[in-house]
Structure formats: C-alpha cells, structure tokens
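Have a look at entry.csv below; it lists CSV, C-alpha atoms.
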chain,number,residue,atom,x,y,z
A,24,MET,CA,-25.1,19.8,5.3
A,25,THR,CA,-21.8,19.4,3.5
A,26,GLU,CA,-18.4,19.8,5.1
A,27,PRO,CA,-16.3,22.8,4.1
A,28,LYS,CA,-13.8,22.6,1.3
A,29,ARG,CA,-10.4,21.4,2.3
A,30,THR,CA,-7.1,21.6,0.5
A,31,CYS,CA,-5.3,18.3,0.0
A,32,PRO,CA,-1.6,19.6,0.1
A,33,ASP,CA,-0.2,16.2,-1.2
A,34,CYS,CA,-2.4,16.2,-4.3
A,35,ASN,CA,-2.5,19.9,-4.8
A,36,GLN,CA,-6.2,19.8,-5.4
A,37,MET,CA,-9.3,21.0,-3.6
A,38,ALA,CA,-11.3,18.4,-1.7
A,39,GLU,CA,-15.0,19.0,-1.7
A,40,GLY,CA,-17.3,18.0,1.2
A,41,ALA,CA,-19.0,14.7,0.8
A,42,THR,CA,-22.6,13.6,1.3
A,43,ARG,CA,-23.8,11.4,4.1
A,44,ARG,CA,-23.1,7.7,3.7
A,45,GLU,CA,-25.9,5.0,3.5
A,46,PHE,CA,-23.8,2.1,4.5
A,47,LEU,CA,-25.6,-1.2,4.9
A,48,ALA,CA,-24.5,-4.3,6.7
A,49,ALA,CA,-24.9,-6.2,3.4
A,50,SER,CA,-22.2,-4.0,1.8
A,51,ALA,CA,-19.7,-5.1,4.5
A,52,ALA,CA,-20.6,-8.7,4.0
A,53,ALA,CA,-20.2,-8.4,0.3
A,54,GLY,CA,-16.8,-6.8,0.7
A,55,SER,CA,-15.7,-9.5,3.1
A,56,ALA,CA,-16.8,-12.2,0.6
A,57,LEU,CA,-14.8,-10.4,-2.1
A,58,VAL,CA,-11.6,-10.6,-0.3
A,59,LEU,CA,-11.9,-13.8,1.7
A,60,GLY,CA,-13.2,-16.2,-0.9
A,61,SER,CA,-14.2,-19.6,0.2
A,62,GLY,CA,-11.2,-20.5,2.3
A,63,GLY,CA,-10.3,-17.2,3.9
A,64,LEU,CA,-6.6,-17.6,3.3
A,65,LEU,CA,-4.5,-17.6,0.2
A,66,ALA,CA,-2.6,-20.9,0.0
A,67,ALA,CA,-1.5,-21.4,-3.6
A,68,GLU,CA,1.6,-19.6,-4.9
A,69,GLU,CA,0.7,-17.2,-7.7
A,70,LYS,CA,3.2,-16.9,-10.5
A,71,PRO,CA,3.7,-13.7,-12.5
A,72,ARG,CA,2.4,-13.9,-16.1
A,73,GLY,CA,4.8,-14.9,-18.8
A,74,GLY,CA,6.7,-17.5,-16.7
A,75,SER,CA,9.5,-15.3,-15.4
A,76,ASP,CA,9.6,-13.6,-12.0
A,77,SER,CA,10.0,-9.9,-11.8
A,78,GLU,CA,13.6,-10.1,-10.6
A,79,THR,CA,14.7,-12.0,-13.7
A,80,LEU,CA,12.9,-9.4,-15.8
A,81,VAL,CA,14.7,-6.6,-14.1
A,82,GLN,CA,18.0,-8.2,-15.0
A,83,GLN,CA,16.8,-8.5,-18.6
A,84,LEU,CA,15.7,-4.8,-18.6
A,85,PHE,CA,19.1,-3.7,-17.3
A,86,GLY,CA,20.8,-5.5,-20.2
A,87,THR,CA,18.8,-3.5,-22.7
A,88,LEU,CA,19.6,-0.1,-21.3
A,89,ASN,CA,21.9,2.2,-23.4
A,90,GLU,CA,24.4,4.5,-21.8
A,91,GLN,CA,22.0,7.5,-21.9
A,92,GLN,CA,19.3,5.6,-20.2
A,93,LYS,CA,21.7,4.3,-17.5
A,94,ALA,CA,23.0,7.8,-16.9
A,95,ALA,CA,19.4,8.9,-16.3
A,96,CYS,CA,18.0,6.1,-14.1
A,97,CYS,CA,20.8,4.0,-12.6
A,98,PHE,CA,22.4,4.7,-9.2
A,99,ASP,CA,24.6,3.1,-6.6
A,100,PHE,CA,22.7,0.8,-4.4
A,101,ASP,CA,23.2,2.9,-1.3
A,102,ASP,CA,22.0,6.1,-2.8
A,103,PRO,CA,19.6,7.7,-0.4
A,104,LEU,CA,17.0,8.3,-3.2
A,105,ARG,CA,16.3,4.5,-3.0
A,106,LEU,CA,14.3,4.8,0.2
A,107,LYS,CA,12.2,7.9,-0.7
A,108,VAL,CA,8.5,7.4,-1.0
A,109,ASP,CA,5.6,9.8,-1.8
A,110,ASN,CA,2.1,9.7,-3.1
A,111,ASN,CA,2.6,11.5,-6.4
A,112,TRP,CA,6.2,11.8,-7.6
A,113,HIS,CA,8.8,10.7,-10.1
A,114,ILE,CA,12.0,9.2,-8.9
A,115,THR,CA,13.8,10.2,-12.1
A,116,LYS,CA,13.1,12.6,-15.0
A,117,VAL,CA,12.6,9.7,-17.4
A,118,ARG,CA,9.1,8.7,-18.5
A,119,LEU,CA,8.3,5.2,-19.6
A,120,GLY,CA,6.4,6.3,-22.7
A,121,LYS,CA,9.0,8.8,-23.8
A,122,ASP,CA,12.4,7.5,-22.9
A,123,PHE,CA,12.1,3.7,-23.4
A,124,THR,CA,11.5,1.5,-26.4
A,125,ALA,CA,8.3,-0.4,-26.8
A,126,ASP,CA,10.0,-3.6,-25.8
A,127,GLN,CA,11.5,-2.0,-22.7
A,128,GLN,CA,8.1,-0.6,-21.8
A,129,ASP,CA,6.7,-4.1,-22.1
A,130,LEU,CA,9.4,-5.5,-19.8
A,131,ILE,CA,8.6,-2.8,-17.2
A,132,ARG,CA,4.9,-3.6,-17.4
A,133,GLN,CA,5.7,-7.3,-16.9
A,134,ILE,CA,7.9,-6.5,-13.9
A,135,PHE,CA,5.1,-4.4,-12.3
A,136,VAL,CA,2.4,-6.9,-13.0
A,137,GLY,CA,4.5,-9.7,-11.6
A,138,LEU,CA,4.7,-7.9,-8.2
A,139,HIS,CA,1.0,-8.5,-7.8
A,140,SER,CA,-1.3,-11.4,-7.3
A,141,GLU,CA,-3.1,-13.0,-10.2
A,142,GLU,CA,-6.4,-11.8,-8.8
A,143,TYR,CA,-5.3,-8.1,-8.5
A,144,ALA,CA,-2.6,-7.6,-11.2
A,145,ASP,CA,-5.0,-6.3,-13.8
A,146,LYS,CA,-7.0,-4.2,-11.3
A,147,VAL,CA,-3.9,-2.5,-10.0
A,148,PHE,CA,-2.4,-1.9,-13.5
A,149,HIS,CA,-5.7,-0.3,-14.6
A,150,GLN,CA,-5.7,1.8,-11.4
A,151,VAL,CA,-2.3,3.2,-12.4
A,152,GLU,CA,-3.5,3.8,-15.9
A,153,HIS,CA,-6.6,5.6,-14.6
A,154,ASP,CA,-4.9,7.8,-12.0
A,155,GLY,CA,-1.8,9.0,-13.9
A,156,GLY,CA,-1.1,6.7,-16.8
A,157,PHE,CA,1.5,3.9,-16.7
A,158,LYS,CA,3.5,5.5,-19.5
A,159,ASN,CA,3.8,8.6,-17.4
A,160,CYS,CA,5.6,6.7,-14.6
A,161,SER,CA,9.3,6.7,-14.0
A,162,ILE,CA,11.8,4.1,-12.9
A,163,ALA,CA,15.2,3.9,-11.2
A,164,LEU,CA,17.6,1.0,-10.7
A,165,PHE,CA,20.0,0.9,-7.7
A,166,GLY,CA,23.0,-1.4,-8.0
A,167,GLN,CA,23.4,-3.9,-10.8
A,168,PRO,CA,21.0,-6.9,-11.2
A,169,GLY,CA,22.9,-10.2,-11.4
A,170,SER,CA,26.0,-9.0,-9.6
A,171,GLY,CA,24.9,-8.4,-6.0
A,172,LYS,CA,22.5,-6.1,-4.4
A,173,PHE,CA,20.0,-4.3,-6.6
A,174,GLU,CA,16.6,-2.7,-6.5
A,175,PHE,CA,14.1,-1.6,-9.1
A,176,VAL,CA,11.7,1.2,-8.2
A,177,LEU,CA,8.7,2.4,-10.2
A,178,THR,CA,6.9,5.6,-9.2
A,179,GLY,CA,4.1,7.9,-10.4
A,180,ARG,CA,0.8,9.2,-9.2
A,181,HIS,CA,-0.6,6.8,-6.6
A,182,VAL,CA,2.2,4.2,-7.1
A,183,THR,CA,5.6,3.4,-5.6
A,184,ARG,CA,6.6,-0.2,-6.1
A,185,ARG,CA,9.9,-2.0,-5.5
A,186,CYS,CA,11.5,-5.2,-6.7
A,187,ASP,CA,14.7,-6.1,-4.9
A,188,GLY,CA,15.2,-9.8,-5.1
A,189,ASP,CA,15.6,-9.9,-1.3
A,190,SER,CA,18.7,-7.6,-1.6
A,191,VAL,CA,17.4,-5.6,1.4
A,192,GLU,CA,17.5,-8.1,4.3
A,193,GLY,CA,14.6,-7.8,6.8
A,194,ALA,CA,12.6,-5.3,4.7
A,195,ALA,CA,9.3,-6.2,3.1
A,196,PHE,CA,9.0,-5.1,-0.5
A,197,GLY,CA,12.6,-3.9,-0.3
A,198,GLY,CA,11.5,-0.7,1.5
A,199,PRO,CA,8.4,1.6,2.0
A,200,ILE,CA,5.7,1.5,-0.7
A,201,PHE,CA,2.7,3.6,-1.6
A,202,TYR,CA,-0.5,2.9,-3.3
A,203,GLY,CA,-3.7,4.8,-3.8
A,204,HIS,CA,-6.8,5.3,-6.0
A,205,ALA,CA,-9.2,8.0,-6.9
A,206,ALA,CA,-11.8,5.8,-8.6
A,207,ARG,CA,-14.8,7.8,-9.8
A,208,SER,CA,-13.6,11.3,-8.7
A,209,PHE,CA,-11.0,13.1,-6.6
A,210,ASN,CA,-13.6,13.4,-3.8
A,211,GLU,CA,-14.9,9.9,-3.5
A,212,SER,CA,-18.4,9.1,-2.2
A,213,PRO,CA,-18.8,7.4,1.2
A,214,GLN,CA,-19.0,4.1,-0.5
A,215,HIS,CA,-15.8,4.6,-2.6
A,216,GLU,CA,-17.4,2.8,-5.6
A,217,ASP,CA,-15.0,1.0,-7.9
A,218,ASN,CA,-12.0,1.8,-5.6
A,219,VAL,CA,-9.6,-1.1,-5.9
A,220,TYR,CA,-8.4,-0.8,-2.3
A,221,TRP,CA,-11.6,0.1,-0.4
A,222,TYR,CA,-12.1,-3.5,0.5
A,223,GLN,CA,-9.2,-3.1,2.9
A,224,ALA,CA,-11.1,-0.4,4.9
A,225,LEU,CA,-14.2,-2.7,5.0
A,226,ARG,CA,-12.0,-5.4,6.5
A,227,ALA,CA,-10.5,-3.1,9.1
A,228,ASN,CA,-13.9,-1.8,10.0
A,229,GLU,CA,-15.1,-5.4,10.7
A,230,LEU,CA,-12.4,-5.6,13.4
A,231,TYR,CA,-13.7,-2.3,14.8
A,232,GLN,CA,-17.2,-3.6,14.9
A,233,ALA,CA,-16.0,-6.7,16.8
A,234,LEU,CA,-14.6,-4.5,19.6
A,235,ASP,CA,-16.6,-3.9,22.8
A,236,GLY,CA,-17.3,-0.4,24.2
A,237,LYS,CA,-14.2,-0.2,26.3
A,238,GLN,CA,-12.0,-1.4,23.4
A,239,ARG,CA,-13.6,1.1,21.0
A,240,LYS,CA,-12.7,4.0,23.3
A,241,MET,CA,-9.0,2.9,23.0
A,242,ALA,CA,-9.2,2.4,19.2
A,243,LEU,CA,-11.1,5.5,18.2
A,244,LEU,CA,-9.1,8.6,18.0
A,245,GLY,CA,-9.5,12.2,16.6
A,246,ARG,CA,-7.2,12.8,13.7
A,247,SER,CA,-4.5,10.8,12.1
A,248,ARG,CA,-0.8,11.5,11.5
A,249,GLY,CA,-1.4,13.1,8.1
A,250,GLU,CA,0.9,12.7,5.2
A,251,HIS,CA,4.5,14.0,5.1
A,252,GLY,CA,6.3,12.1,2.3
A,253,THR,CA,8.9,9.7,3.5
A,254,GLU,CA,8.4,10.8,7.1
A,255,THR,CA,4.9,9.3,7.0
A,256,VAL,CA,6.4,5.8,7.2
A,257,LYS,CA,9.1,6.5,9.8
A,258,LEU,CA,9.2,3.7,12.3
A,259,LYS,CA,9.4,4.2,16.0
A,260,GLY,CA,11.2,1.1,17.0
A,261,THR,CA,9.1,0.7,20.2
A,262,ALA,CA,5.6,-0.1,21.3
A,263,GLU,CA,5.7,2.7,23.9
A,264,GLY,CA,3.4,5.5,23.0
A,265,LEU,CA,1.8,3.9,19.9
A,266,ALA,CA,-1.7,5.1,19.2
A,267,GLY,CA,-4.8,2.9,19.3
A,268,ILE,CA,-5.6,-0.5,20.8
A,269,PRO,CA,-2.9,-3.1,21.0
A,270,VAL,CA,-3.6,-6.6,19.8
A,271,SER,CA,-2.6,-7.7,23.4
A,272,GLU,CA,-5.9,-6.1,24.6
A,273,LEU,CA,-8.0,-8.3,22.3
A,274,SER,CA,-9.7,-11.6,23.0
A,275,GLU,CA,-8.5,-14.7,21.2
A,276,ASP,CA,-11.3,-14.5,18.7
A,277,GLN,CA,-10.5,-10.8,18.1
A,278,ARG,CA,-6.8,-11.6,17.7
A,279,ARG,CA,-7.6,-14.2,15.0
A,280,LEU,CA,-9.7,-11.6,13.2
A,281,ALA,CA,-6.8,-9.1,13.5
A,282,ARG,CA,-4.4,-11.6,12.0
A,283,GLN,CA,-6.8,-12.3,9.2
A,284,VAL,CA,-7.2,-8.6,8.5
A,285,MET,CA,-3.5,-8.4,8.1
A,286,GLU,CA,-3.5,-11.3,5.7
A,287,ASP,CA,-6.2,-9.8,3.6
A,288,LEU,CA,-4.5,-6.4,3.4
A,289,LEU,CA,-1.8,-8.1,1.5
A,290,MET,CA,-4.0,-9.8,-1.1
A,291,PRO,CA,-3.0,-7.4,-4.0
A,292,PHE,CA,0.6,-8.5,-3.8
A,293,ARG,CA,2.5,-11.6,-5.0
A,294,GLU,CA,2.7,-14.6,-2.7
A,295,LYS,CA,6.4,-14.3,-1.8
A,296,ASP,CA,6.0,-10.7,-0.6
A,297,ARG,CA,2.8,-11.6,1.4
A,298,GLN,CA,4.7,-14.4,3.1
A,299,GLU,CA,7.7,-12.2,3.9
A,300,CYS,CA,5.4,-9.5,5.3
A,301,MET,CA,3.7,-11.8,7.7
A,302,GLN,CA,7.0,-13.4,8.7
A,303,LEU,CA,8.3,-10.0,9.7
A,304,VAL,CA,5.1,-9.1,11.5
A,305,ARG,CA,5.2,-12.3,13.5
A,306,LYS,CA,8.9,-11.8,14.2
A,307,SER,CA,8.3,-8.4,15.8
A,308,ASP,CA,5.3,-9.8,17.8
A,309,VAL,CA,1.7,-9.5,16.5
A,310,ASN,CA,0.5,-8.6,20.0
A,311,LYS,CA,2.4,-5.3,19.8
A,312,LEU,CA,0.5,-4.1,16.8
A,313,HIS,CA,-1.9,-1.2,17.4
A,314,PHE,CA,-5.1,-0.6,15.5
A,315,SER,CA,-6.4,3.0,15.3
A,316,PHE,CA,-9.5,4.6,13.7
A,317,TYR,CA,-10.1,8.3,13.2
A,318,LYS,CA,-13.5,9.8,13.8
A,319,ASP,CA,-12.6,13.3,12.7
A,320,GLU,CA,-11.8,12.2,9.1
A,321,ASN,CA,-15.0,10.3,8.4
A,322,ILE,CA,-16.7,10.9,5.1
A,323,GLY,CA,-20.5,11.1,5.7
A,324,ASN,CA,-20.2,10.8,9.5
A,325,ASP,CA,-21.5,7.2,9.2
A,326,GLU,CA,-19.0,5.5,11.6
A,327,VAL,CA,-17.5,3.5,8.8
A,328,TRP,CA,-14.0,4.8,9.3
A,329,ASP,CA,-12.3,6.0,6.2
A,330,VAL,CA,-9.0,6.6,7.9
A,331,TRP,CA,-7.3,4.0,10.0
A,332,GLN,CA,-3.9,2.5,10.6
A,333,VAL,CA,-2.0,-0.5,11.9
A,334,GLU,CA,1.3,0.3,13.6
A,335,GLY,CA,3.9,-1.6,15.5
A,336,PRO,CA,7.4,-1.0,16.6
A,337,THR,CA,8.8,-2.0,13.1
A,338,MET,CA,5.8,-1.5,10.8
A,339,ILE,CA,3.2,1.1,9.7
A,340,TRP,CA,0.2,0.6,7.5
A,341,TYR,CA,-1.6,3.9,7.2
A,342,PHE,CA,-4.8,4.0,5.2
A,343,ARG,CA,-6.1,7.5,4.4
A,344,GLY,CA,-9.5,7.2,2.7
A,345,LYS,CA,-10.4,10.9,2.5
A,346,PRO,CA,-10.9,12.4,0.0
A,347,HIS,CA,-9.8,9.2,-1.8
A,348,VAL,CA,-7.5,6.3,-0.9
A,349,HIS,CA,-3.8,6.9,-0.1
A,350,THR,CA,-2.0,4.0,1.6
A,351,TRP,CA,1.5,4.0,3.1
A,352,VAL,CA,3.3,0.8,4.0
A,353,HIS,CA,6.6,0.1,5.7
A,354,ILE,CA,7.4,-3.3,7.3
A,355,ARG,CA,10.8,-4.3,8.7
A,356,ASP,CA,12.3,-6.7,11.2
A,357,SER,CA,14.1,-4.0,13.1
A,358,VAL,CA,14.8,-0.3,13.0
Starting from the file, lay out its structure as structure tokens.
Amino acid sequence: MTEPKRTCPDCNQMAEGATRREFLAASAAAGSALVLGSGGLLAAEEKPRGGSDSETLVQQLFGTLNEQQKAACCFDFDDPLRLKVDNNWHITKVRLGKDFTADQQDLIRQIFVGLHSEEYADKVFHQVEHDGGFKNCSIALFGQPGSGKFEFVLTGRHVTRRCDGDSVEGAAFGGPIFYGHAARSFNESPQHEDNVYWYQALRANELYQALDGKQRKMALLGRSRGEHGTETVKLKGTAEGLAGIPVSELSEDQRRLARQVMEDLLMPFREKDRQECMQLVRKSDVNKLHFSFYKDENIGNDEVWDVWQVEGPTMIWYFRGKPHVHTWVHIRDSV
C-alpha cells in the first residue's frame, strides 16, 4: 500500500508515495566502506585543482568584474542577505551562463570545486549540473577580496556554498550552507540509488543501530522540524530542550562512533573546512550534541531512517531524506 501524495512546499512539487524498502545489512556495510576507506579518517590535506585555493580565485574573479556586474552582485560585507540560506533560490538576479564571460564562469567553477574534497568534487559538481544546472546558479560577493572581510556565495537548486577566507570568525563555512540531491527522481526510492549524499544517512543509521532499547526510545521521535528557509538553521544557544539522545548518554564505544559519524559527514568538503568544523564542534562540547531520528518520515517503513539530525547549542545538521535529500548545516562557536 502506498502512502498518500504529499506536497513539498519548498520544492513546489508533488511527492508521490514510495514503495517498501528492501534494505540489507550488506548495503549498510558497503556504504560504510565507501565513506570510511581503509583508515576511517581523512589525514592528508586535499588541494583544490589548478594549484590555487578558492579564496585566491575569488580575488581574481573580483578583479575581472565590470561595473555592471559589480552593481548586480556586489554588496557590503554586513548586508543581511549574506546569511540567508534556502534549498532552491538565487541570491541575485545574475545567472552564471548569461551574465558572465566564459573565463569568469571557469573561475567560478574552480572556486566551487575547490571548496570540496578531491574525492567528492566531481560528484558534487555533477549533482548541481543534474539538479538545476551550474550555469543557472547565481553568485554574490560581500565586501572586497584582498582588502579585509569578504565572502563569496553561490546559490541555486540544492546548493548554497560560501567561501570567506575565515573572514567570519567562529563560523564554519562562513555561515549556513545547504546541499541536496534528487538523484533518479524527485521521489527517490527507499535505497536512494545514485544519491551523492545518501551515504551520510547510512552512517547515521549505523549509530542508531548501535543504541540499546532505552537509548533508541530517546533518539527516535515522530516528526522533524521541517524546512523554513533560514529559520531552519536557527541555533538555540543552549542544550536545554534539544531533541533526541545526547552524546553524554552514550557509552564510550558509542561516543567514538558518534564522533566518527561527524567526521564522515564532512567528507565532501575540503580539508580546511572539515578541520574548522570539528574544532568548533569540540569547542562547544561534543557531549552536548543530540542525535534524533524520525519514524513518521520513513520511506518504505523499513526502519532505515531517512530523516535525522544532529543538533547542539551552536550547531545544526538537519538531513531530510524524504522525498529526496535536503541537508541544512550551520556550525558556530557561539550564538
């Protein structure tokens, strides 16, 4: 029996009911092997292709902009638009394929690719191409690269990425980001075949499987927070009232697994951003992180939870895998 149709207000499309999932233990093991590799942790620093980091390329891009382009996509650093995030939006009216030269488009592509790890850069770029088209994305620049604080922001369907050169102190990625993927269809199957980011859910579900019965009762909830644009990543600043099971309630083995899950969630991103994220998470106390899984938003009713989140006083990682993957991330050192 299929579930009734549901409207996805954020994508403005109709979500169809999904069939029951045939999820085997071998699938989880394969997913784990994919993301962990032989050593389980990423040690070597991964350099963006082309030899220049993304911040340097942003400065080069800024130097190529004409006055018309600057008027359309350049703002003061403190403009409130800088911290907006959504799942399918354009931060400015410009489009990469229409309002920028071929050389500028190539620079923007290099900036974007350089924000990701060597392993995932091509996968993520093709995800953006598939879901909305890279040339249909838009950009904005806040402040002036090379003369103080600045931030480059690229947006489109299923993508919000930032490059700030650490101008935003104490904020991973320079502020909230979004990523998503509708791999084979808008309404993905229970297995989420070919979804670039589904491995993250498999890793989070491994942690759930490691919980005992009492712990699962704490971690498994009804429905998630839902999506509300920038409000989705609003931080609470306190551990009081956070949903789910806190890391402090886990055994030492479970805590190690929770920390490893956090490391693996960051695998698509470049090394410097991964390191900054984990430093900020540790600074705000890993034991205050809460893991939640949502039984009422489960494709196929198979108890492989499609929707889950990690939340702490100064971070949110909300993964909504129904009807396809949307992920909201915001990590800071304080609120």
* May I have the residues within 8 Å of region 199-210 of chain A as number ranges by chain, using only C-alpha atoms and disregarding those fewer than 2 positions away in the same chain? => A: 38-41, 106-110, 150, 153-154, 181-185, 195-197, 212, 215-220, 256, 345-354
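A distance cut-off of 12 Å around (6.2, 6.5, -23.7), counting only C-alpha atoms, selects these protein and nucleic acid residues: Val117, Arg118, Leu119, Gly120, Lys121, Asp122, Phe123, Thr124, Ala125, Asp126, Gln127, Gln128, Asp129, Ile131, Arg132, Gly156, Phe157, Lys158, Asn159, Cys160 and Ser161 of chain A.
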* Asked: With distances taken over all atoms listed in the file, which of A:Met285, A:Met241, A:Ala224, A:Val304 is nearest to Arg343 (chain A)?
  ->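 The shortest atom-to-atom distance to Arg343 (chain A) comes from A:Ala224.
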* Asked: Can you tell me, as JSON, numbers by chain, which residues sit within 9 Å of (-0.6, -4.1, 24.0) in the file's frame, using all atoms listed in the file?
  -> {"A": [262, 268, 269, 270, 271, 272, 273, 310, 311, 312, 313]}
* Asked: CA of Gly267 (chain A) to CA of Leu243 (chain A): how many Å, to one decimal?
  -> 6.9 Å
* Asked: For Gln302 (chain A), which residue out of A:Leu225, A:Glu211, A:Glu275, A:Ala194 is the nearest one, using only C-alpha atoms?
  -> A:Ala194
* To do: Do a neighbour search on region 314-325 of chain A at 7 Å with all atoms listed in the file, toss out local chain neighbours closer than 6 positions, and write the hits as a PyMOL selection string.
  => chain A and resi 41-44+213+242-247+266-269+331-334+345
* To do: In Å, rounded to a single decimal, give me how far CA of Met338 (chain A) is from CA of Glu78 (chain A).
  =>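 Atom-to-atom, CA of Glu78 (chain A) to CA of Met338 (chain A), that is 24.3 Å.
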Extract, using all atoms listed in the file, all DNA, RNA and protein residues at most 12 Å from Asp76 (chain A), discarding same-chain residues fewer than 5 positions from it, and format them as a short mmCIF file (atom, residue, chain, number, x, y, z; two decimals) with C-alpha atoms, in the coordinates of the input.
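Listing of out_36.cif after writing:
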data_model
loop_
_atom_site.label_atom_id
_atom_site.label_comp_id
_atom_site.auth_asym_id
_atom_site.auth_seq_id
_atom_site.Cartn_x
_atom_site.Cartn_y
_atom_site.Cartn_z
CA GLU A 69 0.70 -17.20 -7.70
CA LYS A 70 3.20 -16.90 -10.50
CA PRO A 71 3.70 -13.70 -12.50
CA VAL A 81 14.70 -6.60 -14.10
CA GLN A 82 18.00 -8.20 -15.00
CA GLN A 83 16.80 -8.50 -18.60
CA LEU A 130 9.40 -5.50 -19.80
CA GLN A 133 5.70 -7.30 -16.90
CA ILE A 134 7.90 -6.50 -13.90
CA PHE A 135 5.10 -4.40 -12.30
CA VAL A 136 2.40 -6.90 -13.00
CA GLY A 137 4.50 -9.70 -11.60
CA LEU A 138 4.70 -7.90 -8.20
CA HIS A 139 1.00 -8.50 -7.80
CA CYS A 186 11.50 -5.20 -6.70
CA ASP A 187 14.70 -6.10 -4.90
CA GLY A 188 15.20 -9.80 -5.10
CA ARG A 293 2.50 -11.60 -5.00
CA GLU A 294 2.70 -14.60 -2.70
CA LYS A 295 6.40 -14.30 -1.80
#
* To do: For Ala227 (chain A), list every protein, DNA or RNA residue within 12 Å, evaluated using only C-alpha atoms, and leave out those in the same chain fewer than 3 positions away; present the list as number ranges by chain.
  => A: 51, 54-55, 220-224, 230-234, 242, 277, 280-288, 314-316, 327-333, 340-342
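Between CA of Lys259 (chain A) and CA of Arg305 (chain A) lies a distance of 17.2 Å.
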* Structure fact -> Shortest contact to Glu263 (chain A), candidates A:Gln92, A:His113, A:Ser170, A:Pro336, atoms counted all atoms listed in the file, goes to A:Pro336
* A:Lys257, A:Lys306, A:Arg180, A:Arg355: which is nearest Glu152 (chain A), counting all atoms listed in the file? ->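 Checking each candidate against Glu152 (chain A), we get A:Arg180 as the closest.
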